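Presented below is the structure to which this report refers.
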Amino acid sequence: MPELPAFPVAALNKTIAPNGGYKLDGLGGWTYLHIKGDARARGWQHGWLLHGQIGRILKNLRYLTYFNNGQSWDYFIDSAAKLWASRMDNELLEEMQGIAEGATEAGTPVSWQEILAWNGYMELVDYWWPSLPASSQGSANLGAPSRCSAFLAKGSRTADGRIVLAHNSWDNFETGQFWNVILDLQPSQGYRMLMQTAPGLVHSSTDFFVTGAGIVGSETTMGGFNVYDASGLPEFVRIRRAMQYGATLDDYIQQLTDQNSGGYANSWLFGDINRNDILRLELGLKYWNIEANPACDYFIGFNAAYDPRIRNLECSNSGFADIRRHQGARQVRLADLMDLYNHKIDNSIAKTILADKYDVYLQKENHPCSRTVDGHYWLDAREYMNQPGRPLPFQPRGTYDGKTVDSTLAEAMTFDARWGNSSGIPFNAEAFLNEHRQWDYLRGYLDSRPSQDWQRFSSDLTDSDAQ
């Protein structure tokens, strides 16, 4: 297993919280955050250490939520508290209260209700809000947006027969740009977790993680999903429960399906490195489907459901077989790549797959656009599309990271990550906005991301062993 180059120690900036926990900056665009202890203590460390980033996020949310929905951020803060506070796990509620207290003490005033709304942001704006009567939310429900590419492989597909998992995150850049935290969370109870996340969150949200139980996990959203049950528990509560207390893949299924709201409906990919088992859980609202250890020994995630009930009864315009769209194109291309690298997939090949830019529709190599595994909406005129609504031509949206892990790395609570773009293509916000004036309302809220190298992250990373 080739080692990634070590970080220059002088380039790292370490900050230690007064009651434990620390963060490291200067890690190829990432911030590494280590927090530990009981819920209130680890939350306080989180808020205190990342208060500046939390303040920037909340400033963006206050502007963008109103611009995109016509409803204020305060409305969603109040709604989150009414929907979930009385039914929240006390442990997670205390952790969010700790985040608010730590950030406030460090100089960024924030309430725990606002932290709660931020943790449920995707569920609020993409699932709950569109489920309200049209007279309330003012537009037809187009279904939830699509995010992310992923694959999970083992057996005949991988070089050593063991598990390999890879994932890249897709989103609008004005919000996706905040998911540059690698969180090492060491709770006083339950399993340790190493995950990608954003400041202020108690879960991953992009969902790439390794746990002390030997579970690796990820997901891709099911685009066009359009049903919701407000009496259920939000997705972030259910997946965080599973990560912290789940010892087996069955535990994950139980936690995610218990009091399911349909919020942030995903095709989940989970692997157990101890048993060398993998599964896919397509979790809709009323319908869900489990596939475990198929003969082909792989699963792919491309933002559409295989299950006909979910795809036809709980989604609209899923794009399942439409290769003009990212769902259908990646269904084809990811399967092709699984065949191309049969018997060869390892952590290095996983990075190559995430960076793939072959356009299935135009049959063109190295053609970065919305249809490639490494998505680039901001470069795509989408002239072949007749889908109403979204995404739009030259939208500042697409892939902003890459993460890979194999069983050997997972045993050491370690994974690799690249910030900015899976293939390293940079994004210059000023140049983009100057060329595409229709997005000028994002000026001051949209960050540039230079090309970055892959980095390796482990639990309890310090500036003496960062590599």
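In the structure tokens, chains take the letters A, B, ... in the order shown, each chain's residues start at 1, and ligands count up from 1 in the order shown.
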
At most 8 Å is the cut-off: for each residue in segment 170-240 of chain A with any atom that close to an atom of segment 253-275 of chain A, write down the nearest atom pair and the distance in Å rounded to one decimal, counting only C-alpha atoms, chain first then increasing number, as a Markdown table.
```
| residue | atom | partner | partner_atom | distance |
| --- | --- | --- | --- | --- |
| A:Gly214 | CA | A:Ile273 | CA | 5.5 |
| A:Ile215 | CA | A:Asp272 | CA | 4.8 |
| A:Val216 | CA | A:Gly271 | CA | 5.2 |
| A:Gly217 | CA | A:Phe270 | CA | 4.5 |
| A:Ser218 | CA | A:Leu269 | CA | 5.3 |
| A:Glu219 | CA | A:Trp268 | CA | 4.3 |
| A:Thr220 | CA | A:Ser267 | CA | 5.3 |
| A:Thr221 | CA | A:Asn266 | CA | 4.2 |
| A:Met222 | CA | A:Asn266 | CA | 5.4 |
| A:Phe225 | CA | A:Ala265 | CA | 7.1 |
| A:Val227 | CA | A:Gly262 | CA | 6.7 |
| A:Tyr228 | CA | A:Gly262 | CA | 5.1 |
| A:Asp229 | CA | A:Ser261 | CA | 4.7 |
| A:Ala230 | CA | A:Ser261 | CA | 6.2 |
| A:Ser231 | CA | A:Ser261 | CA | 6.8 |
| A:Gly232 | CA | A:Ser261 | CA | 4.1 |
| A:Leu233 | CA | A:Gln259 | CA | 5.6 |
| A:Pro234 | CA | A:Ser261 | CA | 6.1 |
| A:Glu235 | CA | A:Gly263 | CA | 5.9 |
| A:Arg238 | CA | A:Leu256 | CA | 5.2 |
| A:Ile239 | CA | A:Leu256 | CA | 6.1 |
```

Residues near Arg371 of chain A, anyone? I mean within 10 Å using only C-alpha atoms, not counting same-chain ones fewer than 6 positions away, as a list in words. Ile323, Arg324, Arg325, His326, Gln327, Gly328, Ala329, Arg330, Arg333, Lys357, Tyr358, Asp359, Val360, Tyr361, Leu362, Tyr377, Asp380 and Arg382 of chain A

Skip Lys154 of chain A itself and residues of its chain fewer than 3 positions away, then list as a ChimeraX atom specification all residues within 8 Å of it, counting only C-alpha atoms. /A:157-158,161-164,276,278,297-298

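The shortest atom-to-atom distance to Asn69 of chain A, with only C-alpha atoms taken into account, belongs to A:Trp129 out of A:Trp129, A:Lys36, A:Glu95, A:Ala355.
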
Any chance you could tabulate, as a Markdown table, the residues of segment 278-395 of chain A at most 10 Å from segment 421-432 of chain A with each one's nearest atom pair and distance in Å to one decimal, using only C-alpha atoms, in chain and rising number order?
```
| residue | atom | partner | partner_atom | distance |
| --- | --- | --- | --- | --- |
| A:Lys351 | CA | A:Ser422 | CA | 7.6 |
| A:Thr352 | CA | A:Ser423 | CA | 8.2 |
| A:Ile353 | CA | A:Ser422 | CA | 9.3 |
| A:Leu354 | CA | A:Ser422 | CA | 6.0 |
| A:Ala355 | CA | A:Ser423 | CA | 4.4 |
| A:Asp356 | CA | A:Ser423 | CA | 7.6 |
| A:Lys357 | CA | A:Ser423 | CA | 8.6 |
| A:Pro368 | CA | A:Ile425 | CA | 9.4 |
| A:Val373 | CA | A:Ser422 | CA | 9.3 |
| A:Asp374 | CA | A:Ser422 | CA | 6.3 |
| A:Gly375 | CA | A:Asn421 | CA | 8.9 |
| A:His376 | CA | A:Asn421 | CA | 9.2 |
| A:Trp378 | CA | A:Phe432 | CA | 8.3 |
| A:Leu379 | CA | A:Phe432 | CA | 9.6 |
| A:Phe394 | CA | A:Phe432 | CA | 9.2 |
| A:Gln395 | CA | A:Phe432 | CA | 9.9 |
```

Written file, previous selection with C-alpha atoms, as a compact mmCIF listing (two decimals), in the first residue's frame:
```txt
# COMPACT_ATOMS: atom_id res chain seq x y z
CA LYS A 351 -9.12 7.31 -7.05
CA THR A 352 -8.87 6.79 -10.82
CA ILE A 353 -12.54 5.80 -10.98
CA LEU A 354 -13.67 8.85 -9.00
CA ALA A 355 -11.72 11.11 -11.37
CA ASP A 356 -13.21 9.56 -14.53
CA LYS A 357 -14.38 12.08 -17.14
CA PRO A 368 -15.78 17.07 -17.97
CA VAL A 373 -18.40 10.29 -12.61
CA ASP A 374 -16.51 13.41 -11.59
CA GLY A 375 -19.32 15.91 -12.18
CA HIS A 376 -18.76 19.40 -13.62
CA TRP A 378 -20.28 24.56 -14.12
CA LEU A 379 -18.63 23.62 -17.43
CA PHE A 394 -23.37 26.41 -16.26
CA GLN A 395 -24.58 26.01 -12.69
```

Report as a VMD selection string: the residues of segment 290-394 of chain A with a DSSP assignment of alpha helix (DSSP H), based on the backbone of this structure. chain A and resid 308 to 313 326 to 340 347 to 354

Identify all residues of segment 326-414 of chain A in strand (DSSP E) (DSSP on the backbone) and supply them as a PyMOL selection string. chain A and resi 397-399+401-406+414

Put those residues in a file: N, CA and C atoms, as a PDB file, in the first residue's frame.
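Saved to out.pdb:
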```pdb
ATOM      1  N   ARG A 397     -22.010  23.967  -9.631  1.00  0.00           N
ATOM      2  CA  ARG A 397     -22.418  22.742  -8.960  1.00  0.00           C
ATOM      3  C   ARG A 397     -21.566  21.599  -9.499  1.00  0.00           C
ATOM      4  N   GLY A 398     -21.393  20.582  -8.698  1.00  0.00           N
ATOM      5  CA  GLY A 398     -20.666  19.408  -9.151  1.00  0.00           C
ATOM      6  C   GLY A 398     -19.852  18.807  -8.026  1.00  0.00           C
ATOM      7  N   THR A 399     -18.784  18.124  -8.395  1.00  0.00           N
ATOM      8  CA  THR A 399     -17.965  17.404  -7.430  1.00  0.00           C
ATOM      9  C   THR A 399     -16.973  18.349  -6.761  1.00  0.00           C
ATOM     10  N   ASP A 401     -14.961  17.000  -3.970  1.00  0.00           N
ATOM     11  CA  ASP A 401     -14.067  16.199  -3.131  1.00  0.00           C
ATOM     12  C   ASP A 401     -13.908  14.808  -3.732  1.00  0.00           C
ATOM     13  N   GLY A 402     -13.195  13.947  -3.028  1.00  0.00           N
ATOM     14  CA  GLY A 402     -13.108  12.523  -3.314  1.00  0.00           C
ATOM     15  C   GLY A 402     -12.623  11.830  -2.058  1.00  0.00           C
ATOM     16  N   LYS A 403     -13.141  10.627  -1.774  1.00  0.00           N
ATOM     17  CA  LYS A 403     -12.715   9.864  -0.599  1.00  0.00           C
ATOM     18  C   LYS A 403     -12.637   8.392  -0.971  1.00  0.00           C
ATOM     19  N   THR A 404     -11.606   7.708  -0.487  1.00  0.00           N
ATOM     20  CA  THR A 404     -11.441   6.281  -0.740  1.00  0.00           C
ATOM     21  C   THR A 404     -10.961   5.589   0.529  1.00  0.00           C
ATOM     22  N   VAL A 405     -11.345   4.309   0.653  1.00  0.00           N
ATOM     23  CA  VAL A 405     -10.870   3.506   1.774  1.00  0.00           C
ATOM     24  C   VAL A 405     -10.906   2.047   1.354  1.00  0.00           C
ATOM     25  N   ASP A 406      -9.957   1.258   1.855  1.00  0.00           N
ATOM     26  CA  ASP A 406     -10.007  -0.190   1.695  1.00  0.00           C
ATOM     27  C   ASP A 406      -9.979  -0.820   3.080  1.00  0.00           C
ATOM     28  N   THR A 414      -8.556   4.804   9.123  1.00  0.00           N
ATOM     29  CA  THR A 414      -7.858   5.689   8.200  1.00  0.00           C
ATOM     30  C   THR A 414      -8.590   5.705   6.863  1.00  0.00           C
TER      31      THR A 414
END
```

Pick out the residues sitting within 12 Å of segment 73-81 of chain A, and hand them over as a ChimeraX atom specification; count only C-alpha atoms, and ignore anything fewer than 6 positions along from it in its own chain. /A:58-67,87-88,93,110-126,128-129,230,233-234

Can you tell me, as number ranges by chain, what residues are no more than 12 Å from Arg240 of chain A when counting only C-alpha atoms, ignoring any on the same chain fewer than 2 positions away? A: 88-89, 91-92, 95, 119, 185, 187, 190-195, 201-205, 207-209, 211, 217, 233-238, 242-246, 251-252, 255-256

Deliver the residues from the most recent selection as a file, using N, CA and C atoms, as a compact mmCIF listing (two decimals), in the first residue's frame.
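For reference, selection23.txt as written:
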```
# COMPACT_ATOMS: atom_id res chain seq x y z
N MET A 88 -35.95 14.40 19.91
CA MET A 88 -34.53 14.16 19.70
C MET A 88 -33.95 13.25 20.76
N ASP A 89 -32.90 12.50 20.40
CA ASP A 89 -32.10 11.81 21.40
C ASP A 89 -31.47 12.85 22.31
N GLU A 91 -28.77 12.68 23.92
CA GLU A 91 -27.32 12.77 23.69
C GLU A 91 -27.00 13.70 22.54
N LEU A 92 -27.70 13.57 21.41
CA LEU A 92 -27.42 14.44 20.27
C LEU A 92 -27.86 15.87 20.54
N GLU A 95 -25.18 17.41 22.52
CA GLU A 95 -24.00 17.69 21.70
C GLU A 95 -24.20 18.97 20.90
N ASN A 119 -28.12 21.10 11.10
CA ASN A 119 -27.95 19.65 10.99
C ASN A 119 -29.03 19.02 10.12
N LEU A 185 -14.25 11.67 15.97
CA LEU A 185 -15.14 11.82 17.11
C LEU A 185 -14.99 10.60 18.02
N PRO A 187 -16.46 9.38 21.29
CA PRO A 187 -17.47 9.59 22.33
C PRO A 187 -17.16 8.78 23.59
N GLY A 190 -20.05 4.24 23.05
CA GLY A 190 -20.20 3.88 21.65
C GLY A 190 -18.87 3.84 20.92
N TYR A 191 -18.95 3.68 19.61
CA TYR A 191 -17.76 3.51 18.78
C TYR A 191 -17.19 4.84 18.31
N ARG A 192 -15.89 4.86 18.17
CA ARG A 192 -15.21 6.00 17.59
C ARG A 192 -15.56 6.10 16.11
N MET A 193 -15.60 7.33 15.58
CA MET A 193 -15.97 7.56 14.20
C MET A 193 -15.00 8.53 13.54
N LEU A 194 -14.61 8.22 12.31
CA LEU A 194 -13.82 9.13 11.48
C LEU A 194 -14.66 9.40 10.24
N MET A 195 -15.01 10.66 10.01
CA MET A 195 -15.94 10.99 8.94
C MET A 195 -15.60 12.32 8.29
N LEU A 201 -21.92 20.25 12.43
CA LEU A 201 -22.74 19.06 12.25
C LEU A 201 -22.34 17.96 13.22
N VAL A 202 -23.33 17.19 13.66
CA VAL A 202 -23.07 16.03 14.53
C VAL A 202 -23.08 14.74 13.74
N HIS A 203 -23.28 14.85 12.43
CA HIS A 203 -23.24 13.69 11.53
C HIS A 203 -22.39 14.07 10.35
N SER A 204 -22.26 13.18 9.37
CA SER A 204 -21.43 13.48 8.22
C SER A 204 -22.17 14.33 7.21
N SER A 205 -23.38 13.93 6.85
CA SER A 205 -24.22 14.58 5.84
C SER A 205 -23.80 14.20 4.42
N ASP A 207 -21.84 11.70 4.18
CA ASP A 207 -21.84 10.28 4.52
C ASP A 207 -20.69 9.50 3.89
N PHE A 208 -19.53 9.76 4.44
CA PHE A 208 -18.37 8.91 4.20
C PHE A 208 -17.69 8.74 5.55
N PHE A 209 -17.58 7.47 6.01
CA PHE A 209 -17.11 7.27 7.38
C PHE A 209 -16.52 5.88 7.57
N THR A 211 -15.83 3.42 11.21
CA THR A 211 -16.08 3.38 12.65
C THR A 211 -15.19 2.34 13.33
N GLY A 217 -18.98 3.19 5.45
CA GLY A 217 -20.28 3.52 4.89
C GLY A 217 -20.28 4.76 4.03
N LEU A 233 -38.31 10.44 12.46
CA LEU A 233 -37.07 11.06 12.92
C LEU A 233 -36.23 11.48 11.72
N PRO A 234 -35.54 12.61 11.80
CA PRO A 234 -34.71 13.04 10.67
C PRO A 234 -33.58 12.05 10.41
N GLU A 235 -33.14 12.04 9.18
CA GLU A 235 -32.08 11.11 8.76
C GLU A 235 -30.82 11.28 9.58
N PHE A 236 -30.45 12.51 9.92
CA PHE A 236 -29.18 12.70 10.62
C PHE A 236 -29.17 12.04 11.99
N VAL A 237 -30.32 11.95 12.64
CA VAL A 237 -30.40 11.26 13.92
C VAL A 237 -30.22 9.76 13.72
N ARG A 238 -30.89 9.21 12.72
CA ARG A 238 -30.86 7.77 12.51
C ARG A 238 -29.48 7.27 12.08
N ALA A 242 -26.69 4.89 14.22
CA ALA A 242 -26.09 3.69 13.63
C ALA A 242 -24.58 3.74 13.71
N MET A 243 -23.99 4.88 13.36
CA MET A 243 -22.53 5.00 13.36
C MET A 243 -21.95 4.83 14.76
N GLN A 244 -22.59 5.41 15.74
CA GLN A 244 -22.04 5.40 17.09
C GLN A 244 -22.28 4.08 17.81
N TYR A 245 -23.41 3.43 17.53
CA TYR A 245 -23.77 2.24 18.30
C TYR A 245 -23.93 0.97 17.47
N GLY A 246 -23.82 1.06 16.16
CA GLY A 246 -24.01 -0.10 15.31
C GLY A 246 -22.77 -1.00 15.26
N ASP A 251 -27.55 -3.88 12.37
CA ASP A 251 -27.82 -2.74 13.26
C ASP A 251 -28.07 -1.47 12.45
N TYR A 252 -27.33 -1.29 11.36
CA TYR A 252 -27.52 -0.11 10.52
C TYR A 252 -28.89 -0.13 9.86
N GLN A 255 -31.51 0.75 12.57
CA GLN A 255 -31.52 2.15 12.99
C GLN A 255 -32.07 3.06 11.90
N LEU A 256 -31.73 2.80 10.65
CA LEU A 256 -32.16 3.69 9.57
C LEU A 256 -33.63 3.52 9.23
```

Between atom CA of Trp170 of chain A and atom CA of Arg147 of chain A, what distance in Å does the model show, to one decimal? 4.7 Å

Residues at most 10 Å from Gly224 of chain A, counting only C-alpha atoms, excluding those fewer than 3 positions away in the same chain, as an mmCIF file with N, CA and C atoms, in the first residue's frame?
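part_3.cif was written with the following content:
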```
data_model
loop_
_atom_site.group_PDB
_atom_site.id
_atom_site.type_symbol
_atom_site.label_atom_id
_atom_site.label_comp_id
_atom_site.auth_asym_id
_atom_site.auth_seq_id
_atom_site.Cartn_x
_atom_site.Cartn_y
_atom_site.Cartn_z
ATOM 1 N N ASN A 141 -43.608 20.458 -6.528
ATOM 2 C CA ASN A 141 -42.550 19.633 -5.954
ATOM 3 C C ASN A 141 -41.820 18.886 -7.060
ATOM 4 N N LEU A 142 -40.624 19.336 -7.387
ATOM 5 C CA LEU A 142 -39.821 18.683 -8.424
ATOM 6 C C LEU A 142 -39.099 17.461 -7.902
ATOM 7 N N GLY A 143 -39.205 17.202 -6.608
ATOM 8 C CA GLY A 143 -38.463 16.107 -6.007
ATOM 9 C C GLY A 143 -37.094 16.569 -5.560
ATOM 10 N N ALA A 144 -36.502 15.783 -4.660
ATOM 11 C CA ALA A 144 -35.216 16.154 -4.075
ATOM 12 C C ALA A 144 -34.110 16.148 -5.123
ATOM 13 N N PRO A 145 -33.113 17.018 -4.976
ATOM 14 C CA PRO A 145 -31.998 17.034 -5.923
ATOM 15 C C PRO A 145 -31.106 15.815 -5.763
ATOM 16 N N SER A 146 -30.287 15.581 -6.778
ATOM 17 C CA SER A 146 -29.366 14.443 -6.777
ATOM 18 C C SER A 146 -27.993 14.875 -6.293
ATOM 19 N N THR A 221 -27.826 10.040 -2.918
ATOM 20 C CA THR A 221 -29.246 10.372 -2.831
ATOM 21 C C THR A 221 -30.004 9.790 -4.016
ATOM 22 N N VAL A 227 -41.737 12.207 -1.367
ATOM 23 C CA VAL A 227 -42.671 11.936 -0.275
ATOM 24 C C VAL A 227 -41.952 12.129 1.059
ATOM 25 N N ALA A 265 -33.497 10.797 1.412
ATOM 26 C CA ALA A 265 -33.648 9.402 0.983
ATOM 27 C C ALA A 265 -32.449 8.969 0.144
ATOM 28 N N ASN A 303 -27.588 8.053 -7.996
ATOM 29 C CA ASN A 303 -28.707 8.967 -7.753
ATOM 30 C C ASN A 303 -30.049 8.520 -8.331
ATOM 31 N N ALA A 304 -30.190 7.266 -8.658
ATOM 32 C CA ALA A 304 -31.496 6.720 -9.032
ATOM 33 C C ALA A 304 -31.654 5.359 -8.368
ATOM 34 N N ARG A 311 -38.599 3.928 -7.298
ATOM 35 C CA ARG A 311 -38.337 4.748 -8.487
ATOM 36 C C ARG A 311 -39.625 5.277 -9.113
ATOM 37 N N GLU A 314 -42.337 6.720 -5.512
ATOM 38 C CA GLU A 314 -41.872 7.723 -4.551
ATOM 39 C C GLU A 314 -40.906 8.732 -5.164
ATOM 40 N N CYS A 315 -40.654 8.617 -6.454
ATOM 41 C CA CYS A 315 -39.771 9.553 -7.154
ATOM 42 C C CYS A 315 -40.462 10.052 -8.417
ATOM 43 N N SER A 316 -40.029 11.200 -8.896
ATOM 44 C CA SER A 316 -40.515 11.724 -10.169
ATOM 45 C C SER A 316 -39.317 11.978 -11.082
ATOM 46 N N ASN A 317 -39.462 11.563 -12.356
ATOM 47 C CA ASN A 317 -38.445 11.901 -13.357
ATOM 48 C C ASN A 317 -37.044 11.534 -12.875
ATOM 49 N N SER A 318 -36.842 10.235 -12.543
ATOM 50 C CA SER A 318 -35.619 9.805 -11.864
ATOM 51 C C SER A 318 -34.381 9.817 -12.743
ATOM 52 N N GLY A 319 -34.532 9.799 -14.071
ATOM 53 C CA GLY A 319 -33.365 9.775 -14.942
ATOM 54 C C GLY A 319 -32.643 8.450 -14.988
#
```

Return the single residue from A:Ala213, A:Leu409, A:Cys296, A:Ala381 that is closest to Asn342 of chain A, with distances computed using only C-alpha atoms.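 Checking each candidate against Asn342 of chain A, we get A:Cys296 as the closest.
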
Computed interatomic separation between atom CA of Ile54 of chain A and atom CA of Ala198 of chain A (Å): 8.7 Å

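Nearest to Thr408 of chain A of all the residues A:Ser451, A:Gln438, A:Asn347, A:Ser169 is A:Asn347, based on only C-alpha atoms.
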
Do a neighbour search on Leu446 of chain A at 9 Å with only C-alpha atoms, toss out local chain neighbours closer than 6 positions, and write the hits as a PyMOL selection string. chain A and resi 173-175+177+396+429-430

Go ahead and dump the residues you just picked, C-alpha atoms, as a PDB file, in the first residue's frame.
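Once everything was written out, this is result_2.pdb:
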```pdb
ATOM      1  CA  PHE A 173     -20.884  25.013  -4.491  1.00  0.00           C
ATOM      2  CA  GLU A 174     -22.223  27.814  -2.301  1.00  0.00           C
ATOM      3  CA  THR A 175     -23.149  25.207   0.333  1.00  0.00           C
ATOM      4  CA  GLN A 177     -17.863  24.275  -0.128  1.00  0.00           C
ATOM      5  CA  PRO A 396     -21.843  26.313 -10.024  1.00  0.00           C
ATOM      6  CA  ALA A 429     -15.179  31.787  -8.330  1.00  0.00           C
ATOM      7  CA  GLU A 430     -14.376  35.299  -9.569  1.00  0.00           C
TER       8      GLU A 430
END
```

Closest of A:Tyr384, A:Phe457, A:Tyr22, A:Trp30 to Val181 of chain A - atom-to-atom distances counting only C-alpha atoms: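 Ranked by minimum distance to Val181 of chain A, first place goes to A:Trp30.
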
What does the structure give for the distance between atom CA of Pro393 of chain A and atom CA of Thr206 of chain A, in Å to one decimal?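 Between atom CA of Pro393 of chain A and atom CA of Thr206 of chain A the gap works out to 24.1 Å.
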
Of the residues A:Leu27, A:Leu392, A:Pro450, A:Ala153, which is the one nearest to Leu334 of chain A, using only C-alpha atoms? A:Ala153
